file my_file27.txt (compact mmCIF, C-alpha atoms and all ligand atoms)
# COMPACT_ATOMS: atom_id res chain seq x y z
CA MET A 23 0.00 0.00 0.00
CA VAL A 24 2.70 2.46 0.99
CA LEU A 25 4.76 1.49 -2.06
CA SER A 26 1.71 2.02 -4.31
CA ILE A 27 1.18 5.47 -2.87
CA ILE A 28 4.82 6.30 -3.37
CA LEU A 29 4.74 5.02 -6.96
CA ILE A 30 1.61 7.03 -7.76
CA TYR A 31 3.15 10.13 -6.20
CA VAL A 32 6.40 9.66 -8.09
CA TYR A 33 4.60 8.85 -11.33
CA ASP A 34 2.81 12.18 -11.12
CA TYR A 35 6.18 13.84 -10.83
CA ALA A 36 8.15 11.30 -12.80
CA CYS A 37 10.88 13.68 -13.87
CA VAL A 38 11.75 14.82 -10.37
CA GLU A 39 13.88 12.94 -7.88
CA LEU A 40 12.62 9.53 -6.94
CA VAL A 41 11.20 9.17 -3.45
CA ASN A 42 12.59 5.67 -3.12
CA PRO A 43 16.20 5.70 -4.34
CA MET A 44 16.14 1.95 -4.79
CA ILE A 45 13.52 2.17 -7.53
CA VAL A 46 15.20 3.31 -10.71
CA CYS A 47 12.31 2.92 -13.16
CA VAL A 48 9.06 4.04 -11.59
CA CYS A 49 6.88 3.19 -14.59
CA ASN A 50 7.90 -0.46 -14.41
CA ALA A 51 8.82 -0.63 -10.70
CA VAL A 52 12.36 -1.78 -11.48
CA THR A 53 14.93 -1.53 -8.72
CA GLU A 54 18.65 -1.03 -9.02
CA SER A 55 19.11 -4.54 -7.65
CA GLN A 56 17.13 -5.96 -10.57
CA ILE A 57 19.26 -3.93 -12.97
CA ARG A 58 22.45 -5.18 -11.33
CA LEU A 59 21.23 -8.77 -11.54
CA ALA A 60 20.36 -8.37 -15.24
CA ILE A 61 23.86 -7.03 -15.87
CA ASP A 62 25.36 -9.96 -13.98
CA GLU A 63 23.29 -12.23 -16.22
CA GLY A 64 24.69 -10.64 -19.38
CA ALA A 65 23.03 -7.30 -20.11
CA LEU A 66 25.67 -4.90 -21.40
CA THR A 67 23.67 -1.95 -22.72
CA VAL A 68 20.61 0.11 -21.87
CA ALA A 69 18.89 -1.61 -24.80
CA ASP A 70 19.63 -4.99 -23.21
CA LEU A 71 18.16 -3.75 -19.93
CA ARG A 72 15.11 -2.39 -21.76
CA ALA A 73 14.56 -5.78 -23.42
CA ARG A 74 14.88 -7.64 -20.10
CA LEU A 75 13.24 -5.24 -17.64
CA ALA A 76 11.34 -2.70 -19.77
CA VAL A 77 13.29 0.18 -18.21
CA THR A 78 13.14 3.40 -20.25
CA SER A 79 10.22 1.98 -22.26
CA GLU A 80 7.48 4.26 -20.97
CA CYS A 81 8.18 7.89 -20.02
CA GLY A 82 11.95 7.53 -20.37
CA CYS A 83 12.69 9.62 -17.30
CA CYS A 84 14.80 6.82 -15.85
CA ALA A 85 17.25 6.76 -18.77
CA ALA A 86 20.01 8.65 -16.97
CA GLN A 87 19.65 6.59 -13.78
CA VAL A 88 19.64 3.34 -15.77
CA ASP A 89 22.75 4.45 -17.64
CA GLU A 90 24.47 5.36 -14.35
CA ALA A 91 23.51 2.04 -12.73
CA LEU A 92 24.81 0.20 -15.79
CA ALA A 93 28.11 2.09 -15.73
CA ARG A 94 28.54 1.55 -11.98
CA ARG A 95 27.96 -2.19 -12.24
CA LEU A 96 30.18 -2.66 -15.29
CA LEU A 97 32.96 -0.76 -13.50
CA GLU A 98 32.52 -2.98 -10.43
CA ILE A 99 32.74 -6.10 -12.60
CA ALA A 100 35.78 -4.74 -14.45
CA GLY A 101 37.45 -3.90 -11.14
CA ALA A 102 36.75 -7.37 -9.76
CA ARG A 103 38.16 -8.98 -12.89
CA ALA A 104 41.25 -6.76 -12.76
CA SER A 105 41.98 -7.82 -9.19
CA ASP A 106 41.05 -11.47 -9.81
CA PRO A 107 41.33 -12.44 -13.49
CA SER A 108 39.79 -15.85 -12.77
CA ALA A 109 36.58 -14.18 -11.59
CA ARG A 110 33.96 -14.41 -14.36
CA SER A 111 31.43 -12.23 -12.60
CA LEU A 112 30.44 -10.82 -9.25
CA PRO A 113 27.81 -12.58 -7.23
CA ALA A 114 24.32 -11.30 -7.88
CA THR A 115 22.96 -8.72 -5.48
CA ARG A 116 19.35 -8.49 -4.46
S1 LIG B 1 10.58 5.83 -15.11
FE1 LIG B 1 9.26 5.87 -16.83
S2 LIG B 1 10.14 4.41 -18.19
FE2 LIG B 1 11.38 4.28 -16.43

call {"tool": "encode", "arguments": {"input": "my_file27.txt", "output": "structure tokens", "more": "lines below"}}
Ligand code: FES
result
Amino acid sequence: MVLSIILIYVYDYACVELVNPMIVCVCNAVTESQIRLAIDEGALTVADLRARLAVTSECGCCAAQVDEALARRLLEIAGARASDPSARSLPATR
């Protein structure tokens, strides 16, 4: 109930800061954890994330946050691989 109220509130003001920082795409209720998991499972671009999670497919206001989440996770994975070349990927976060 509280989450629904927050989503409705944020949807009305979709281009302002999100009330819940964990939700990246308000239109599709996609969290950063879901984005990170999709990246861990092979998504490499915003288009990949759109195909898997529908982020950026409605109002598009989440595009910058999706791009930032993607860049952050890819940098984390690259850093982990640099420090441990045998590591194929980081464990999924939820
Ligand atoms: S917030 Fe509208 S498409 Fe993601």

call {"tool": "atom_distance", "arguments": {"input": "my_file27.txt", "atom1": "atom CA of A:Cys84", "atom2": "atom CA of A:Ile45"}}
result
9.6 Å

call {"tool": "closest_residue", "arguments": {"input": "my_file27.txt", "among": "A:Cys83, A:Val88, A:Ala51, A:Ala93", "to": "ligand LIG 1 (chain B)", "atoms": "all atoms listed in the file"}}
result
A:Cys83

call {"tool": "closest_atom_pairs", "arguments": {"input": "my_file27.txt", "of": "chain A", "to": "ligand LIG 1 (chain B)", "cutoff": "8 Å", "atoms": "all atoms listed in the file", "output": "CSV"}}
result
residue,atom,partner,partner_atom,distance
A:Tyr33,CA,B:LIG1,S1,7.7
A:Ala36,CA,B:LIG1,S1,6.4
A:Cys37,CA,B:LIG1,S1,8.0
A:Val46,CA,B:LIG1,S1,6.9
A:Cys47,CA,B:LIG1,FE2,3.7
A:Val48,CA,B:LIG1,S1,4.2
A:Cys49,CA,B:LIG1,FE1,4.2
A:Asn50,CA,B:LIG1,FE2,6.2
A:Ala51,CA,B:LIG1,FE2,8.0
A:Val52,CA,B:LIG1,FE2,7.9
A:Ala76,CA,B:LIG1,S2,7.4
A:Val77,CA,B:LIG1,FE2,4.9
A:Thr78,CA,B:LIG1,S2,3.8
A:Ser79,CA,B:LIG1,S2,4.7
A:Glu80,CA,B:LIG1,S2,3.9
A:Cys81,CA,B:LIG1,FE1,3.9
A:Gly82,CA,B:LIG1,S2,4.2
A:Cys83,CA,B:LIG1,S1,4.9
A:Cys84,CA,B:LIG1,FE2,4.3
A:Ala85,CA,B:LIG1,FE2,6.8

call {"tool": "axis_aligned_box", "arguments": {"input": "my_file27.txt", "around": "stretch 102-107 of chain A", "padding_each_side": "4 Å", "output": "AutoDock Vina command-line options"}}
result
--center_x 39.4 --center_y -9.6 --center_z -11.3 --size_x 13.2 --size_y 13.7 --size_z 12.3

call {"tool": "residues_around", "arguments": {"input": "my_file27.txt", "residues": "A:Ala60", "least_positions_apart": "3", "cutoff": "9 Å", "atoms": "only C-alpha atoms", "output": "NGL selection string"}}
result
:A and (55-57 or 63-66 or 70-71 or 74-75 or 114)

call {"tool": "write_last_selection", "arguments": {"input": "my_file27.txt", "atoms": "C-alpha atoms", "output": "PDB file, keeping the file's coordinate frame"}}
result
ATOM      1  CA  SER A  55      19.110  -4.540  -7.650  1.00  0.00           C
ATOM      2  CA  GLN A  56      17.130  -5.960 -10.570  1.00  0.00           C
ATOM      3  CA  ILE A  57      19.260  -3.930 -12.970  1.00  0.00           C
ATOM      4  CA  GLU A  63      23.290 -12.230 -16.220  1.00  0.00           C
ATOM      5  CA  GLY A  64      24.690 -10.640 -19.380  1.00  0.00           C
ATOM      6  CA  ALA A  65      23.030  -7.300 -20.110  1.00  0.00           C
ATOM      7  CA  LEU A  66      25.670  -4.900 -21.400  1.00  0.00           C
ATOM      8  CA  ASP A  70      19.630  -4.990 -23.210  1.00  0.00           C
ATOM      9  CA  LEU A  71      18.160  -3.750 -19.930  1.00  0.00           C
ATOM     10  CA  ARG A  74      14.880  -7.640 -20.100  1.00  0.00           C
ATOM     11  CA  LEU A  75      13.240  -5.240 -17.640  1.00  0.00           C
ATOM     12  CA  ALA A 114      24.320 -11.300  -7.880  1.00  0.00           C
TER      13      ALA A 114
END

call {"tool": "atom_distance", "arguments": {"input": "my_file27.txt", "atom1": "atom CA of A:Asp106", "atom2": "atom CA of A:Thr53"}}
result
28.0 Å

call {"tool": "atom_distance", "arguments": {"input": "my_file27.txt", "atom1": "atom CA of A:Ala86", "atom2": "atom CA of A:Val68"}}
result
9.9 Å
